[in-house]
2 protein chains.
Amino acid sequence: MTYALGIDFGTESARAVLVDCADGSELGSSVFTYVNGVIDARLPAPDEDVELGPDWALQDPRDYVRSLQVAVPSLLAETGVSPDDVKGIGIDFTSCTMLPTLADGTPLCLLEDLRREPHAWVKLWKHHAAQPEADRINAAAAERGEPWLPRYGGKISSEWFFAKALQILDEAPDVYARAERLIEACDWTVWQLTGVESRNACAAGYKAMWSKRDGFPAGDYFAALDPRFERVVDEKMSRALLPPGGRAGVLCERAATWTGLPAGTPVAVANVDFHASVPAATVTAPGTIVMIMGTSNGHLLLDDAFAYVEGMCGVVEDGIVPGLHGYEAGQSALGDIYAWFVKSVGGTHESLAAEASRLRPGESGLLALDWWNGNRSVLVDADLRGLIVGMTLATRAPEIYRALIEATAFGTRVIVEAFERAGLPVGGIVACGGLPDRNPLVMQIFADVTGREIAVAGSRQAPALGAAMFGAVAAGVHDSIVEAAGAMAHLSGTSYVPRVEHRAAYDALYGEYLRLHDLFGRGGDDVMRRLKALQREAAATPAPV
Amino acid sequence: MTYALGIDFGTESARAVLVDCADGSELGSSVFTYVNGVIDARLPAPDEDVELGPDWALQDPRDYVRSLQVAVPSLLAETGVSPDDVKGIGIDFTSCTMLPTLADGTPLCLLEDLRREPHAWVKLWKHHAAQPEADRINAAAAERGEPWLPRYGGKISSEWFFAKALQILDEAPDVYARAERLIEACDWTVWQLTGVESRNACAAGYKAMWSKRDGFPAGDYFAALDPRFERVVDEKMSRALLPPGGRAGVLCERAATWTGLPAGTPVAVANVDFHASVPAATVTAPGTIVMIMGTSNGHLLLDDAFAYVEGMCGVVEDGIVPGLHGYEAGQSALGDIYAWFVKSVGGTHESLAAEASRLRPGESGLLALDWWNGNRSVLVDADLRGLIVGMTLATRAPEIYRALIEATAFGTRVIVEAFERAGLPVGGIVACGGLPDRNPLVMQIFADVTGREIAVAGSRQAPALGAAMFGAVAAGVHDSIVEAAGAMAHLSGTSYVPRVEHRAAYDALYGEYLRLHDLFGRGGDDVMRRLKALQREAAATPAPV
């Protein structure tokens with residue numbers, strides 16, 4: 001038998017999955033919940049007196065090693081698989097999640113004299129305290145007409161690599177100076193597995209403005225941000241980037257002890273969770289969007305051609321599948337919005353969905369803009385906010401619940417149409433993530449609104465399956481990710497077909513959505529931004545007596 | 001001792017109150033709940049097989065007589081007041097609530113051959129099935145440039161007298177032909193008390209396009225609606241209209257038996273509930289708005305001058321206090337909106353208000369348009385709908401609750417500013433109705449947003465007190481309603497003063513409200529109207545399977 005191990009490092013836990021390389025069947029999985037989870041208020045013991053500022057979110061790199069030490073042996077024990085039959089290892093990770101280390105990979109936060117310094121820890125993807133640095137990065141890039149800026153929809157996020165790195169330099173120059181390496185946590189974890197530093201092209205492309213043709217931004221751009229930042233790439237990073245499925249190395253002795261797997265087992269270069277899900281959802285060719293539907297929604301599309309697409313998160317050649325351009329767009333809230341509403345009204349998804357499913361499109365008279373967490377694509381504006389219009393005294397909770405679902409579906413249709421406007425055809429959609437199995441009403445409405453059939457991926461743990469598939473490629477079990485996907489990735493068989501009888505009503509509602517989208521999102525009326533400014537002013541005044 | 005009896009005929013019940021004419025102290029009150037309440041699905045037994053159409057709302061005139069027969073004797077018994085000490089009687093009523101009768105006052109619905117005919121019954125104020133007739137009335141008036149139209153903000157409501165009368169003619173011409181009188185239920189009830197038909201100027205002015213100077217619209221206008229409608233006023237109504245406080249007659253023998261009061265007791269001409277509340281709230285002179293705050297909100301203002309005010313419900317000379325022009329504006333939902341939200345989220349007003357009161361203006365980042373039941377003033381558009389903007393994943397229910405309160409306060413500020421733009425000064429506000437005692441947070445926000453001190457009226461049953469005061473005037477106990485108010489009406493002593501520290505934030509938020517108000521309310525973006533049209537289309541399609 002030939003197995004591959006995939007490990008998905010999420011926000012709160014890591015999940016290891018053992019997969020049969022012949023047919024992709026999953027033999028079992030094992031989850032390790034991080035000891036220190038998301039560190040967003042104070043450092044862990046014994047330094048809990050060190051408080052963090054607003055918008056901070058850190059992690060403890062020891063949690064990644066613990067995941068290897070706990071989840072992998074227990075998975076082997078549980079499945080009874082012989083370690084010798086595990087031929088390849090791949091991991092995927094949240095991103096951009098990054099940390100400063102010494103040249104030997106030792107995280108600075110593990111140094112006795114730096115452990116009480118928040119900037120020495122891992123900055124988690126949702127660390128949002130580097131907004132001032134992101135603003136500077138964007139302003140300087142726009143002013144200089146940096147050629148990479150349009151690839152990212154004209155604006156990069158505070159979540160990304162150089163914003164976080166620059167925040168270290170700004171606020172803790174000593175830590176920055178001590179950092180011999182600045183590295184994605186995914187690459188650092190592969191380093192722990194192999195004993196050798198490697199870097200992956202996916203995270204670099206989507207989160208660090210790297211491209212296969214142009215490399216990283218030039219030194220004079222970095223110098224314009226801060227003279228000490230000029231040589232950040234050459235001093236603390238690497239220009240050697242491996243595409244997905246590339247072999248980072250083999251399992252080192254130390255990691256063999258941790259995991260119970262044989263030293264010498266091939267390890268793939270690291271990958272990003274959303275992107276690893278694409279081949280796991282059976283997609284390795286142009287024309288099909290993979291939607292990763294969970295608390296947020298990711299839209300990934302492959303194409304032979306390079307194109308500038310409005311408001312993309314990014315386009316990276318070789319970023320998802322070698323040989324193709326990988327396009328990423330997204331909605332910054334999806335299940336989070338539904339959950340917000342369910343919590344607000346104290347109902348359940350099941351009861352709300354049951355009633356909502358009996359409504360006709362348009363019957364409630366409601367329309368919403370789905371910007372509860374800003375807009376990631378295509379407007380790229382974190383200051384945008386949610387809106388609901390059409391309430392009467394007769395409006396009921398299931399009607400609002402359905403209007404919120406419809407709004408997120410309209411948001412996806414905007415993204416689909418942006419791809420098509422840029423000349424990238426979108427035939428069908430494959431959905432993965434936690435939501436498709438849980439909420440069929442959402443899936444049907446997305447099919448109706450987009451006018452596309454939506455197939456549901458077979459695996460409930462697509463990122464880990466994708467990581468395992470890249471592990472199989474790195475091990476040579478499969479020659480390419482295309483071949484691996486052909487053998488190991490499957491659809492569930494569940495599929496949602498657009499209902500033609502709903503088309504006219506949804507086209508009309510979408511027309512209204514687009515009008516409000518452009519009115520409030522493209523500067524016609526900046527009320528959302530002004531409300532946010534008033535909110536900041538209010539927060540700065542004394543509380544009412 | 002000298003007492004006056006006031007009876008307030010509401011939507012579900014009638015309330016009789018006995019008041020001391022010397023100081024306005026209320027000796028007691030007695031409520032009679034109508035046996036047949038609001039008839040909106042089927043006629044009462046034994047004709048419950050007769051179903052009513054959508055938007056119908058009827059009442060049973062026998063319920064008004066039962067109120068006299070039950071509530072008045074029990075009030076006399078409960079208070080121990082000698083019937084001989086009751087010197088005057090006044091009533092107030094919902095309006096426009098109207099019915100067809102024979103020349104002797106017999107309601108057509110009590111005739112054996114007409115009792116199964118819905119059009120023979122009392123049409124309650126919230127009977128909304130005469131919208132096609134209201135549309136015709138408005139279109140014909142606009143086309144002919146009828147001089148009365150601007151007094152009503154350019155549009156009359158389907159709730160009003162001639163819309164209801166025309167619906168009878170349209171749909172039941174036989175009933176229309178049999179109707180020797182068409183009469184407000186308030187005037188009909190006074191007829192039952194006195195044995196003599198009388199008509200009041202208040203209802204005629206606010207609901208039947210009558211004015212002191214021009215009388216009713218001309219016959220050729222009515223003929224333009226329908227040739228059979230040309231002489232509706234002279235055939236079925238009356239041009240003899242008494243101002244508030246005028247004496248309709250004295251208690252007849254039959255009504256004396258019903259009530260236990262002496263025959264010959266003076267009875268005032270009928271009045272409308274909102275308008276009777278004005279002097280009961282101490283206001284008999286220009287410069288102070290009376291707000292009647294309940295499920296909806298009424299704004300009444302007196303002035304020496306006549307002016308066209310944008311979007312008024314109406315302006316009637318002598319309509320509220322003889323010698324002055326009475327202006328009426330309103331918000332079609334107030335407490336109804338708060339109740340809708342409380343019901344939606346399953347909380348309580350108390351817990352939501354407690355949290356909401358700790359928020360600073362603007363702190364939530366939320367803004368709403370308060371059009372859950374359309375907009376009565378100043379836009380006069382029943383098709384407008386509610387809107388909330390600014391939600392994030394962190395938005396909590398008390399923040400939305402406060403935003404809804406603020407939106408209704410902004411709506412009132414629009415009305416206050418419309419009065420002032422028309423040259424009618426607004427100094428302060430006196431609030432009455434059910435809400436001021438129950439929700440201090442609402443009151444404080446209204447004061448902060450309008451920048452006006454809001455005093456709370458002393459009586460919790462202002463309409464009935466006002467009716468009793470007009471009864472005292474009709475009886476000659478007081479020479480005028482001004483004198484009666486000086487003696488009998490009081491403020492509660494509770495008053496809400498605008499907090500200067502909130503002025504800047506509320507001015508800014510009001511600016512945003514006004515922008516959205518004009519955008520969605522004045523045709524900049526007709527999304528609300530289009531959503532309503534889509535809703536109608538959806539309702540006409542088959543339900544989803």
# chains A, B, ... in the order shown; residues from 1 in each chain; ligands from 1

$ interface_residues --of "chain A" --to "chain B" --cutoff "6 Å" --atoms "only C-alpha atoms" --output "list in words"
Val345, Gly362, Glu363, Gly365, Trp372, Asn373, Arg385, Gly386, Leu387, Ile388, Val389, Gly390, Met391, Thr392, Leu393, Leu531, Lys532, Leu534, Gln535 and Ala538 of chain A

$ select_by_dssp --residues "region 234-466 of chain A" --states "alpha helix (DSSP H)" --output "PyMOL selection string"
chain A and resi 234-236+253-259+273-280+335-345+349-356+397-421+435-438+440-450+462-466

$ select_by_dssp --residues "region 93-258 of chain A" --states "strand (DSSP E)" --output "ChimeraX atom specification"
/A:93,98-101,122-123,181-184,247-250

$ write_last_selection --atoms "all heavy atoms" --output "CSV table (one decimal), in the first residue's frame"
chain,number,residue,atom,x,y,z
A,93,PHE,N,-1.2,25.5,5.4
A,93,PHE,CA,-1.2,26.4,6.6
A,93,PHE,C,-2.1,27.6,6.3
A,93,PHE,O,-2.3,28.0,5.1
A,93,PHE,CB,0.2,26.9,6.7
A,93,PHE,CG,0.8,26.8,8.1
A,93,PHE,CD1,1.5,25.7,8.5
A,93,PHE,CD2,0.6,27.8,9.0
A,93,PHE,CE1,2.1,25.6,9.8
A,93,PHE,CE2,1.1,27.7,10.3
A,93,PHE,CZ,1.8,26.6,10.7
A,98,MET,N,3.5,34.5,10.0
A,98,MET,CA,5.0,34.6,9.8
A,98,MET,C,5.7,34.8,11.2
A,98,MET,O,5.1,35.3,12.1
A,98,MET,CB,5.3,35.7,8.8
A,98,MET,CG,4.8,37.1,9.1
A,98,MET,SD,5.8,38.0,10.2
A,98,MET,CE,7.1,38.5,9.1
A,99,LEU,N,6.9,34.6,11.2
A,99,LEU,CA,7.7,34.7,12.4
A,99,LEU,C,9.2,35.1,12.1
A,99,LEU,O,9.7,34.8,11.0
A,99,LEU,CB,7.6,33.5,13.3
A,99,LEU,CG,8.3,32.2,12.8
A,99,LEU,CD1,8.5,31.3,14.0
A,99,LEU,CD2,7.6,31.5,11.7
A,100,PRO,N,9.8,35.7,13.1
A,100,PRO,CA,11.3,36.0,13.0
A,100,PRO,C,12.1,34.9,13.7
A,100,PRO,O,11.6,34.4,14.8
A,100,PRO,CB,11.4,37.3,13.8
A,100,PRO,CG,10.3,37.3,14.8
A,100,PRO,CD,9.2,36.4,14.3
A,101,THR,N,13.2,34.5,13.1
A,101,THR,CA,14.0,33.4,13.7
A,101,THR,C,15.4,33.7,13.6
A,101,THR,O,15.8,34.7,12.9
A,101,THR,CB,13.7,32.0,13.0
A,101,THR,OG1,14.4,32.0,11.7
A,101,THR,CG2,12.2,31.7,12.8
A,122,VAL,N,5.0,34.6,16.7
A,122,VAL,CA,4.4,34.4,15.4
A,122,VAL,C,3.2,35.3,15.2
A,122,VAL,O,2.3,35.4,16.0
A,122,VAL,CB,3.8,32.9,15.2
A,122,VAL,CG1,3.1,32.7,13.9
A,122,VAL,CG2,4.9,31.9,15.4
A,123,LYS,N,3.2,36.1,14.1
A,123,LYS,CA,2.0,36.9,13.8
A,123,LYS,C,1.1,36.1,12.9
A,123,LYS,O,1.4,35.7,11.8
A,123,LYS,CB,2.5,38.2,13.0
A,123,LYS,CG,3.2,39.2,13.9
A,123,LYS,CD,3.4,40.5,13.1
A,123,LYS,CE,3.9,41.6,14.1
A,123,LYS,NZ,5.1,41.3,14.8
A,181,ARG,N,16.2,35.5,10.0
A,181,ARG,CA,15.2,35.1,9.0
A,181,ARG,C,13.9,35.6,9.4
A,181,ARG,O,13.5,35.7,10.5
A,181,ARG,CB,15.1,33.5,8.9
A,181,ARG,CG,16.4,32.8,8.9
A,181,ARG,CD,17.3,33.2,7.8
A,181,ARG,NE,16.9,32.8,6.5
A,181,ARG,CZ,17.3,33.4,5.3
A,181,ARG,NH1,18.1,34.5,5.4
A,181,ARG,NH2,16.9,33.0,4.2
A,182,LEU,N,13.1,36.0,8.3
A,182,LEU,CA,11.7,36.3,8.4
A,182,LEU,C,11.0,35.3,7.5
A,182,LEU,O,11.3,35.2,6.3
A,182,LEU,CB,11.4,37.7,8.0
A,182,LEU,CG,11.9,38.8,8.9
A,182,LEU,CD1,11.7,40.2,8.2
A,182,LEU,CD2,11.2,38.8,10.3
A,183,ILE,N,10.1,34.5,8.1
A,183,ILE,CA,9.6,33.3,7.3
A,183,ILE,C,8.2,33.0,7.6
A,183,ILE,O,7.7,33.2,8.7
A,183,ILE,CB,10.5,32.1,7.7
A,183,ILE,CG1,10.2,30.9,6.7
A,183,ILE,CG2,10.4,31.7,9.1
A,183,ILE,CD1,11.3,29.8,6.8
A,184,GLU,N,7.5,32.5,6.6
A,184,GLU,CA,6.1,32.0,6.7
A,184,GLU,C,6.1,30.8,7.7
A,184,GLU,O,7.0,30.0,7.6
A,184,GLU,CB,5.5,31.6,5.4
A,184,GLU,CG,5.0,32.7,4.5
A,184,GLU,CD,3.6,33.1,4.7
A,184,GLU,OE1,2.9,32.4,5.6
A,184,GLU,OE2,3.2,34.1,4.1
A,247,ARG,N,9.9,19.2,-4.0
A,247,ARG,CA,10.3,18.5,-2.8
A,247,ARG,C,11.2,19.4,-2.0
A,247,ARG,O,12.2,19.9,-2.4
A,247,ARG,CB,11.1,17.2,-3.2
A,247,ARG,CG,11.5,16.4,-2.0
A,247,ARG,CD,12.4,15.2,-2.3
A,247,ARG,NE,11.7,14.2,-3.1
A,247,ARG,CZ,12.1,12.9,-3.1
A,247,ARG,NH1,13.2,12.5,-2.5
A,247,ARG,NH2,11.5,12.0,-3.8
A,248,ALA,N,10.8,19.7,-0.7
A,248,ALA,CA,11.5,20.5,0.2
A,248,ALA,C,12.7,19.8,0.8
A,248,ALA,O,13.7,20.4,1.1
A,248,ALA,CB,10.6,21.0,1.3
A,249,GLY,N,12.6,18.5,0.9
A,249,GLY,CA,13.7,17.7,1.5
A,249,GLY,C,13.1,16.4,2.0
A,249,GLY,O,12.0,15.9,1.4
A,250,VAL,N,13.7,15.8,2.9
A,250,VAL,CA,13.2,14.5,3.5
A,250,VAL,C,13.2,14.6,5.0
A,250,VAL,O,13.8,15.5,5.6
A,250,VAL,CB,14.1,13.3,3.0
A,250,VAL,CG1,14.1,13.1,1.5
A,250,VAL,CG2,15.5,13.5,3.6

$ atom_distance --atom1 "CA of Trp160 (chain A)" --atom2 "CA of Lys207 (chain A)"
5.1 Å

$ residues_around --residues "Pro243 (chain A)" --least-positions-apart "3" --cutoff "9 Å" --atoms "only C-alpha atoms" --output "list in words"
Asn200, Ala201, Cys202, Gly246, Val269, Asp318, Gly319, Ile320, Val321 and Pro322 of chain A

$ write_last_selection --atoms "N, CA, C and O atoms" --output "compact mmCIF listing (two decimals), in the first residue's frame"
# COMPACT_ATOMS: atom_id res chain seq x y z
N ASN A 200 8.09 28.42 -0.19
CA ASN A 200 7.14 28.03 -1.24
C ASN A 200 6.68 29.24 -2.04
O ASN A 200 6.52 30.35 -1.52
N ALA A 201 6.43 28.99 -3.32
CA ALA A 201 6.06 30.06 -4.24
C ALA A 201 4.63 30.53 -4.02
O ALA A 201 4.29 31.68 -4.34
N CYS A 202 3.80 29.68 -3.45
CA CYS A 202 2.38 30.04 -3.29
C CYS A 202 2.25 31.19 -2.30
O CYS A 202 1.71 32.25 -2.63
N GLY A 246 6.79 20.65 -5.25
CA GLY A 246 8.24 20.53 -5.22
C GLY A 246 8.68 19.84 -3.92
O GLY A 246 8.00 19.90 -2.90
N VAL A 269 7.26 20.91 -0.39
CA VAL A 269 7.32 22.30 0.04
C VAL A 269 5.94 22.69 0.58
O VAL A 269 4.92 22.13 0.18
N ASP A 318 2.11 29.59 -11.43
CA ASP A 318 2.56 28.42 -10.68
C ASP A 318 2.11 28.45 -9.22
O ASP A 318 2.59 27.64 -8.41
N GLY A 319 1.22 29.37 -8.86
CA GLY A 319 0.87 29.53 -7.44
C GLY A 319 0.01 28.40 -6.92
O GLY A 319 0.03 28.09 -5.73
N ILE A 320 -0.77 27.76 -7.77
CA ILE A 320 -1.67 26.70 -7.32
C ILE A 320 -1.31 25.39 -8.02
O ILE A 320 -1.08 24.38 -7.36
N VAL A 321 -1.30 25.43 -9.33
CA VAL A 321 -0.91 24.27 -10.13
C VAL A 321 0.21 24.73 -11.07
O VAL A 321 0.03 25.72 -11.80
N PRO A 322 1.36 24.07 -11.03
CA PRO A 322 2.47 24.49 -11.89
C PRO A 322 2.04 24.56 -13.36
O PRO A 322 1.28 23.70 -13.84

$ residues_around --residues "Ile156 (chain B)" --least-positions-apart "4" --cutoff "7 Å" --atoms "only C-alpha atoms" --output "ChimeraX atom specification"
/B:134,138,152

$ residues_around --residues "region 210-218 of chain B" --least-positions-apart "2" --cutoff "12 Å" --atoms "only C-alpha atoms" --output "ChimeraX atom specification"
/B:137,140-141,144-149,151-152,160-162,199-208,220-225,229-234,237-243,306,314-319,322-326

$ residues_around --residues "Thr11 (chain B)" --least-positions-apart "6" --cutoff "9 Å" --atoms "only C-alpha atoms" --output "compact mmCIF listing (two decimals) with C-alpha atoms, in the first residue's frame"
# COMPACT_ATOMS: atom_id res chain seq x y z
CA TYR B 34 -65.25 45.56 21.86
CA GLY B 37 -62.91 44.06 17.86
CA VAL B 38 -61.26 44.51 14.49
CA GLN B 59 -66.00 47.27 13.04
CA PHE B 93 -62.54 58.48 18.21
CA THR B 94 -60.20 56.86 15.73
CA LEU B 124 -62.20 51.14 10.45
CA TRP B 125 -59.41 53.71 10.05

$ residues_around --residues "Val50 (chain B)" --least-positions-apart "3" --cutoff "9 Å" --atoms "only C-alpha atoms" --output "number ranges by chain"
B: 41-44, 47, 116-118

$ write_last_selection --atoms "C-alpha atoms" --output "compact mmCIF listing (two decimals), in the first residue's frame"
# COMPACT_ATOMS: atom_id res chain seq x y z
CA ALA B 41 -60.93 38.11 8.13
CA ARG B 42 -64.66 37.24 8.21
CA LEU B 43 -67.89 38.85 9.36
CA PRO B 44 -68.98 38.11 12.93
CA ASP B 47 -72.27 35.37 9.16
CA ARG B 116 -74.02 39.83 5.02
CA GLU B 117 -72.72 42.68 2.83
CA PRO B 118 -69.25 43.78 4.04

$ closest_residue --among "A:Ser25, A:Ser332, A:Thr257, A:Gln131" --to "Thr295 (chain A)" --atoms "only C-alpha atoms"
A:Ser332

$ atom_distance --atom1 "CA of Val449 (chain B)" --atom2 "CA of Glu417 (chain B)"
11.9 Å

$ atom_distance --atom1 "CA of Pro463 (chain B)" --atom2 "CA of His275 (chain B)"
7.9 Å

$ closest_residue --among "B:Val17, B:Leu404, B:Val497, B:Ala418" --to "Arg460 (chain B)" --atoms "only C-alpha atoms"
B:Val17
